[in-house]
>>> print(open('target_33.txt').read())   # compact mmCIF, C-alpha atoms and all ligand atoms
# COMPACT_ATOMS: atom_id res chain seq x y z
CA MET A 921 42.71 31.16 45.79
CA ALA A 922 42.09 34.90 45.67
CA THR A 923 40.35 34.99 49.05
CA GLN A 924 43.13 32.97 50.62
CA LYS A 925 45.69 35.45 49.34
CA ASN A 926 43.64 38.36 50.61
CA SER A 927 43.26 36.95 54.09
CA ALA A 928 47.01 36.29 54.25
CA ALA A 929 47.67 39.88 53.28
CA GLU A 930 45.14 41.04 55.84
CA GLU A 931 46.82 38.94 58.50
CA ALA A 932 50.23 40.40 57.65
CA ALA A 933 48.87 43.94 57.77
CA LYS A 934 47.30 43.29 61.17
CA LYS A 935 50.60 41.93 62.47
CA ALA A 936 52.49 44.94 61.15
CA LEU A 937 50.01 47.31 62.75
CA ALA A 938 50.26 45.49 66.07
CA ALA A 939 54.05 45.71 65.89
CA VAL A 940 53.93 49.46 65.21
CA ASN A 941 51.54 50.00 68.13
CA ALA A 942 53.69 47.92 70.45
CA LYS A 943 56.76 49.92 69.44
CA LYS A 944 54.93 53.21 70.01
CA ALA A 945 53.79 52.08 73.47
CA ALA A 946 57.32 51.01 74.38
CA GLU A 947 58.73 54.33 73.20
CA LYS A 948 56.16 56.23 75.25
CA LYS A 949 57.02 54.17 78.29
CA THR A 950 60.77 54.80 78.03
CA ALA A 951 60.14 58.49 77.34
CA GLU A 952 58.16 58.71 80.58
CA LYS A 953 60.76 56.75 82.48
CA THR A 954 63.74 58.80 81.32
CA LYS A 955 62.11 62.19 81.69
CA VAL A 956 64.23 64.16 84.14
CA GLU A 957 63.19 67.29 85.95
CA HIS A 958 66.19 69.52 85.46
CA THR A 959 67.27 72.44 87.56
CA TYR A 960 68.76 75.26 85.54
CA THR A 961 71.60 77.59 86.39
CA GLN A 962 71.82 80.61 84.18
CA VAL A 963 75.43 81.44 83.35
CA GLY A 964 76.08 84.91 81.99
CA GLN A 965 79.07 87.10 81.10
CA GLN A 966 80.57 86.30 77.77
CA SER A 967 83.37 87.58 75.58
CA SER A 968 82.27 90.32 73.25
CA ASN A 969 84.48 89.39 70.31
CA LYS A 970 86.39 86.54 68.69
CA GLU A 971 89.83 87.60 70.02
CA GLU A 972 88.52 87.81 73.58
CA LEU A 973 86.92 84.39 73.27
CA LEU A 974 90.10 82.83 71.85
CA ALA A 975 92.11 84.34 74.71
CA VAL A 976 89.77 82.59 77.16
CA THR A 977 90.01 79.21 75.40
CA ARG A 978 93.81 79.52 75.27
CA LYS A 979 93.88 80.21 79.01
CA ASN A 980 91.55 77.23 79.67
CA ALA A 981 93.86 74.91 77.75
CA LEU A 982 97.17 76.11 79.21
CA PRO A 983 97.28 73.94 82.38
CA PHE A 984 96.51 70.86 80.24
CA ARG A 985 99.23 71.74 77.74
CA ILE A 986 101.80 72.21 80.54
CA GLY A 987 100.70 68.92 82.13
CA ALA A 988 101.03 67.13 78.78
CA ILE A 989 104.55 68.43 78.18
CA VAL A 990 105.67 67.51 81.72
CA CYS A 991 104.32 63.95 81.25
CA TRP A 992 105.96 63.61 77.84
CA VAL A 993 109.33 64.77 79.22
CA LEU A 994 108.99 62.14 81.97
CA ALA A 995 108.11 59.51 79.31
CA ILE A 996 111.29 60.28 77.35
CA ALA A 997 113.29 60.23 80.62
CA CYS A 998 111.95 56.72 81.29
CA GLU A 999 112.90 55.66 77.76
CA ILE A 1000 116.46 56.93 78.28
CA MET A 1001 116.55 55.00 81.57
CA ALA A 1002 115.34 51.84 79.77
CA ILE A 1003 118.09 52.24 77.16
CA LEU A 1004 120.80 52.86 79.77
CA ILE A 1005 119.71 49.81 81.77
CA PHE A 1006 119.55 47.65 78.63
CA VAL A 1007 123.10 48.55 77.54
CA HIS A 1008 124.37 48.26 81.16
CA LYS A 1009 125.39 51.95 81.27
CA VAL A 1010 123.23 52.30 84.40
CA GLU A 1011 123.41 49.47 86.86
CA PHE A 1012 121.78 48.74 90.18
CA SER A 1013 122.59 45.81 92.44
CA PHE A 1014 119.50 44.01 91.15
CA THR A 1015 120.15 44.67 87.43
CA THR A 1016 123.52 42.99 87.13
CA GLU A 1017 121.81 39.68 86.42
CA ASN A 1018 118.54 38.28 85.14
CA PRO A 1019 115.65 38.43 85.83
CA GLY A 1020 116.38 41.77 87.57
CA TRP A 1021 117.87 43.28 84.41
CA THR A 1022 114.95 42.30 82.15
CA ILE A 1023 112.36 43.39 84.72
CA ALA A 1024 114.11 46.75 85.18
CA TRP A 1025 114.05 47.80 81.49
CA ILE A 1026 110.49 46.46 81.05
CA VAL A 1027 109.34 48.51 84.07
CA ALA A 1028 111.09 51.57 82.60
CA LEU A 1029 109.26 51.01 79.27
CA VAL A 1030 105.90 50.54 81.03
CA LEU A 1031 106.42 53.84 82.89
CA ASP A 1032 107.41 55.40 79.57
CA LEU A 1033 104.07 54.22 78.10
CA ALA A 1034 102.06 55.35 81.13
CA PHE A 1035 103.49 58.89 81.05
CA LEU A 1036 102.99 59.04 77.28
CA ILE A 1037 99.31 58.05 77.54
CA VAL A 1038 98.54 60.48 80.37
CA GLY A 1039 100.37 63.27 78.53
CA SER A 1040 98.49 62.56 75.29
CA GLN A 1041 95.09 62.57 77.02
CA LEU A 1042 95.92 65.97 78.55
CA TRP A 1043 97.06 67.21 75.15
CA LYS A 1044 93.84 66.02 73.47
CA LYS A 1045 91.78 67.70 76.19
CA ALA A 1046 93.73 70.94 75.60
CA ASN A 1047 93.09 70.69 71.83
CA HIS A 1048 89.36 70.33 72.46
CA LEU A 1049 89.31 73.31 74.83
CA ASP A 1050 91.38 75.42 72.47
CA PRO A 1051 91.33 73.94 68.95
CA ALA A 1052 93.91 74.73 66.28
CA SER A 1053 92.90 76.73 63.22
CA LYS A 1054 92.50 74.87 59.93
CA LYS A 1055 93.87 77.90 58.08
CA ASN A 1056 97.32 76.40 58.38
CA GLU A 1057 96.86 72.75 57.45
CA PHE A 1058 100.34 71.74 58.64
CA LEU A 1059 100.06 73.37 62.07
CA PHE A 1060 96.57 71.89 62.45
CA TRP A 1061 97.93 68.44 61.65
CA LEU A 1062 100.95 68.94 63.92
CA GLN A 1063 98.91 70.08 66.94
CA ASN A 1064 96.42 67.21 66.59
CA ASN A 1065 99.09 64.55 65.99
CA LEU A 1066 101.75 65.70 68.43
CA GLY A 1067 100.88 62.84 70.79
CA VAL A 1068 101.52 60.28 68.03
CA ILE A 1069 104.83 61.97 67.17
CA VAL A 1070 105.89 61.86 70.83
CA ALA A 1071 104.86 58.17 70.90
CA ALA A 1072 107.32 57.54 68.06
CA PHE A 1073 110.07 59.37 69.97
CA ALA A 1074 109.20 57.46 73.15
CA PHE A 1075 109.93 54.00 71.67
CA ILE A 1076 111.69 54.06 68.28
CA PRO A 1077 115.11 55.20 69.65
CA PHE A 1078 114.92 52.36 72.21
CA ILE A 1079 114.18 49.83 69.43
CA ILE A 1080 117.07 51.09 67.26
CA LEU A 1081 119.59 51.12 70.12
CA VAL A 1082 118.52 47.65 71.28
CA LEU A 1083 118.98 46.25 67.78
CA LEU A 1084 122.41 47.92 67.52
CA ASP A 1085 123.59 46.62 70.91
CA LYS A 1086 126.41 44.10 70.54
CA ASN A 1087 126.39 42.62 74.05
CA ALA A 1088 122.81 41.52 74.57
CA SER A 1089 121.66 38.06 73.51
CA LYS A 1090 119.46 37.58 70.47
CA GLN A 1091 116.62 36.45 72.72
CA SER A 1092 116.82 39.57 74.92
CA LYS A 1093 116.88 41.79 71.83
CA MET A 1094 113.83 40.03 70.46
CA ILE A 1095 111.85 40.39 73.72
CA ALA A 1096 112.85 44.05 74.01
CA THR A 1097 111.83 44.79 70.42
CA ILE A 1098 108.45 43.07 70.80
CA VAL A 1099 107.71 44.87 74.09
CA ALA A 1100 108.68 48.24 72.60
CA VAL A 1101 106.69 47.69 69.37
CA VAL A 1102 103.57 46.73 71.34
CA ALA A 1103 104.05 49.81 73.56
CA LEU A 1104 104.54 51.96 70.44
CA LEU A 1105 101.27 50.67 68.93
CA VAL A 1106 99.28 51.09 72.15
CA GLY A 1107 100.82 54.52 72.78
CA GLY A 1108 100.32 55.67 69.19
CA LEU A 1109 96.66 54.60 69.05
CA THR A 1110 95.74 56.10 72.43
CA SER A 1111 97.55 59.33 71.53
CA TYR A 1112 95.71 59.71 68.23
CA ASP A 1113 92.67 62.00 68.22
CA PHE A 1114 89.99 60.24 66.15
CA ASN A 1115 87.64 63.18 66.48
CA PRO A 1116 89.62 66.42 66.26
CA ILE A 1117 87.91 69.79 66.29
CA SER A 1118 89.06 72.94 64.50
CA GLN A 1119 88.93 76.52 65.71
CA GLU A 1120 86.65 77.31 62.73
CA GLU A 1121 84.18 74.60 63.79
CA MET A 1122 84.20 76.01 67.32
CA LEU A 1123 83.67 79.59 66.15
CA ASP A 1124 80.86 78.45 63.81
CA ALA A 1125 78.90 77.49 66.92
CA VAL A 1126 79.19 80.98 68.43
CA GLY A 1127 76.08 83.15 68.71
CA VAL A 1128 73.39 80.61 69.58
CA GLU A 1129 71.07 82.17 72.13
CA THR A 1130 70.26 79.31 74.49
CA VAL A 1131 72.21 76.13 74.91
CA TYR A 1132 72.59 73.64 77.77
CA TRP A 1133 75.57 71.90 79.31
CA THR A 1134 76.69 69.98 82.36
CA ALA A 1135 79.66 70.56 84.61
CA SER A 1136 81.38 67.35 83.55
CA GLY A 1137 80.65 67.21 79.82
CA THR A 1138 82.78 68.53 76.98
CA VAL A 1139 79.93 69.46 74.62
CA PHE A 1140 76.88 71.70 74.79
CA HIS A 1141 73.36 70.79 73.76
CA ALA A 1142 70.73 72.62 71.75
CA TYR A 1143 67.87 70.72 73.43
CA ASP A 1144 67.44 70.26 77.18
CA ASP A 1145 65.58 66.98 76.57
CA CYS A 1146 68.57 65.53 74.68
CA SER A 1147 69.02 61.87 75.57
CA HIS A 1148 72.57 62.56 76.78
CA LEU A 1149 71.23 64.90 79.45
CA ASN A 1150 68.95 62.33 81.07
CA HIS A 1151 71.53 61.45 83.71
CA SER A 1152 72.12 64.96 84.96
CA VAL A 1153 69.63 66.90 86.97
CA GLU A 1154 71.64 70.11 87.08
CA LEU A 1155 71.96 71.96 83.80
CA MET A 1156 73.84 75.14 83.04
CA THR A 1157 72.26 77.35 80.47
CA GLY A 1158 73.53 80.36 78.59
CA THR A 1159 74.65 81.35 75.12
CA SER A 1160 76.91 79.09 73.08
CA THR A 1161 79.70 81.66 73.55
CA THR A 1162 79.51 81.22 77.32
CA ALA A 1163 79.44 77.42 76.88
CA ILE A 1164 82.65 77.61 74.83
CA GLU A 1165 84.26 79.75 77.53
CA LYS A 1166 83.34 77.05 80.03
CA GLY A 1167 85.18 74.44 77.96
CA LYS A 1168 82.20 73.02 76.05
CA THR A 1169 83.55 73.78 72.62
CA ARG A 1170 81.30 71.73 70.36
CA LEU A 1171 77.64 71.02 69.79
CA CYS A 1172 76.54 67.52 70.79
CA LYS A 1173 76.26 65.27 67.70
CA THR A 1174 72.78 64.04 68.68
CA CYS A 1175 71.50 67.61 69.02
CA GLU A 1176 73.19 68.57 65.75
CA ALA A 1177 71.45 65.73 63.88
CA ARG A 1178 68.12 66.64 65.50
CA ALA A 1179 68.47 70.33 64.61
CA GLU A 1180 69.25 69.39 61.00
CA LYS A 1181 66.25 67.08 60.87
CA GLU A 1182 63.93 69.71 62.33
CA ALA A 1183 65.25 72.36 59.96
CA GLU A 1184 64.71 70.00 57.05
CA ALA A 1185 61.15 69.25 58.19
CA ALA A 1186 60.49 72.98 58.46
CA GLY A 1187 61.87 73.49 54.96
CA ILE A 1188 64.92 75.49 56.05
CA ASP A 1189 68.07 74.77 54.09
CA LEU A 1190 70.93 75.08 56.58
CA THR A 1191 73.49 75.52 53.80
CA ASP A 1192 71.70 78.75 52.79
CA LEU A 1193 72.14 80.30 56.23
CA PRO A 1194 75.04 82.71 56.64
CA ALA A 1195 77.75 81.43 58.99
CA ALA A 1196 77.54 82.81 62.51
CA GLN A 1197 80.11 85.50 63.29
ZN ZN A 1201 72.65 66.77 72.92
>>> encode(input="target_33.txt", output="structure tokens")
Amino acid sequence: MATQKNSAAEEAAKKALAAVNAKKAAEKKTAEKTKVEHTYTQVGQQSSNKEELLAVTRKNALPFRIGAIVCWVLAIACEIMAILIFVHKVEFSFTTENPGWTIAWIVALVLDLAFLIVGSQLWKKANHLDPASKKNEFLFWLQNNLGVIVAAFAFIPFIILVLLDKNASKQSKMIATIVAVVALLVGGLTSYDFNPISQEEMLDAVGVETVYWTASGTVFHAYDDCSHLNHSVELMTGTSTTAIEKGKTRLCKTCEARAEKEAEAAGIDLTDLPAAQ
């Protein structure tokens, strides 16, 4: 009995060892395969203080903020058009009867949604280039949720006015309400920033000597062999301050986890380090 048990345990240990070796070999193979020879472009010139840096990020974000506001104004204009068509205040030759009338206000609502989504993406991009400060909790919330607020304004007035309309049939009102509620949900969710960044988080990353980034990305990396950099041959390198100026306002999450792990292995407690100025 005892020998049988021992041989079973031995067998299991052998299998486990084989599995570990196979995994190691596979990892080595993929590491070789994904190794990219990067070319580096050193980027210099950085702001010398916090105010200067914030002026640069504000300037970077400005075109996106203007674009967002223009799109949102167009979204509300489309909503007003949808309302006016629905209540027959605006009429075209093809909207006097169905299906022209129904198609016309649905198209207006779809355009409303499209402008809202584009505007909100531009707004989110602006908030990542130039994050709001957490010092004022309300303003931080407002800036990060403005897209969702605009989404409410882009559909709720339509829903209310449709429900109050005395001329339209019950069926038309129901279709209009469903379409607008779906658009409100889609618009609200796509406008919401699930991963907002604060100005304090951005400034915390300032002062790192060498970081890496790509032209297209929105983050910078602490390691040039980061798995997210495998696809790009051309890497920019400079200080984290320069990276922020170039619109890469946050450290890549993978690099952050790796840095924490390495610090832990080296016995450095990151919470003991003074915050970067
Ligand atoms: Zn990374």
>>> atom_distance(input="target_33.txt", atom1="CA of Thr1022 in chain A", atom2="CA of Met1001 in chain A")
12.8 Å
>>> residues_near_ligand(input="target_33.txt", ligand="ligand ZN 1201 (chain A)", cutoff="6 Å", atoms="only C-alpha atoms and all ligand atoms", output="list of chain:residue names")
A:His1141, A:Cys1146, A:His1148, A:Cys1172, A:Thr1174, A:Cys1175
>>> residues_near_point(input="target_33.txt", point="(83.9, 78.7, 74.9)", cutoff="12 Å", atoms="all atoms listed in the file", output="JSON, numbers by chain")
{"A": [965, 966, 967, 968, 969, 970, 971, 972, 973, 974, 975, 976, 977, 978, 979, 980, 981, 1048, 1049, 1050, 1051, 1119, 1121, 1122, 1123, 1124, 1125, 1126, 1127, 1128, 1131, 1133, 1138, 1139, 1140, 1158, 1159, 1160, 1161, 1162, 1163, 1164, 1165, 1166, 1167, 1168, 1169, 1170, 1171]}
>>> atom_distance(input="target_33.txt", atom1="CA of Trp1043 in chain A", atom2="CA of Gly1067 in chain A")
7.3 Å
>>> residues_around(input="target_33.txt", residues="Leu1083 in chain A", least_positions_apart="5", cutoff="12 Å", atoms="only C-alpha atoms", output="mmCIF file with C-alpha atoms, keeping the file's coordinate frame")
data_model
loop_
_atom_site.group_PDB
_atom_site.id
_atom_site.type_symbol
_atom_site.label_atom_id
_atom_site.label_comp_id
_atom_site.auth_asym_id
_atom_site.auth_seq_id
_atom_site.Cartn_x
_atom_site.Cartn_y
_atom_site.Cartn_z
ATOM 1 C CA ILE A 1003 118.090 52.240 77.160
ATOM 2 C CA PHE A 1006 119.550 47.650 78.630
ATOM 3 C CA VAL A 1007 123.100 48.550 77.540
ATOM 4 C CA ILE A 1076 111.690 54.060 68.280
ATOM 5 C CA PRO A 1077 115.110 55.200 69.650
ATOM 6 C CA PHE A 1078 114.920 52.360 72.210
ATOM 7 C CA ALA A 1088 122.810 41.520 74.570
ATOM 8 C CA SER A 1089 121.660 38.060 73.510
ATOM 9 C CA LYS A 1090 119.460 37.580 70.470
ATOM 10 C CA GLN A 1091 116.620 36.450 72.720
ATOM 11 C CA SER A 1092 116.820 39.570 74.920
ATOM 12 C CA LYS A 1093 116.880 41.790 71.830
ATOM 13 C CA MET A 1094 113.830 40.030 70.460
ATOM 14 C CA ILE A 1095 111.850 40.390 73.720
ATOM 15 C CA ALA A 1096 112.850 44.050 74.010
ATOM 16 C CA THR A 1097 111.830 44.790 70.420
ATOM 17 C CA ILE A 1098 108.450 43.070 70.800
ATOM 18 C CA ALA A 1100 108.680 48.240 72.600
#
>>> atom_distance(input="target_33.txt", atom1="CA of Gln1041 in chain A", atom2="CA of Ile996 in chain A")
16.4 Å
>>> residues_around(input="target_33.txt", residues="Phe1035 in chain A", least_positions_apart="2", cutoff="9 Å", atoms="all atoms listed in the file", output="PyMOL selection string")
chain A and resi 988+990-996+998+1030-1033+1037-1040
>>> residues_around(input="target_33.txt", residues="Tyr1112 in chain A", least_positions_apart="4", cutoff="10 Å", atoms="only C-alpha atoms", output="ChimeraX atom specification")
/A:1040-1041,1044,1064-1069,1071,1107-1108,1116
>>> closest_residue(input="target_33.txt", among="A:Ala1179, A:Ile1079, A:Leu1042, A:Ala1028", to="Ala1002 in chain A", atoms="only C-alpha atoms")
A:Ala1028
>>> axis_aligned_box(input="target_33.txt", around="range 1157-1162 of chain A", padding_each_side="4 Å", output="lines of an AutoDock Vina configuration file")
center_x = 76.0
center_y = 79.5
center_z = 76.8
size_x = 15.4
size_y = 12.3
size_z = 15.4
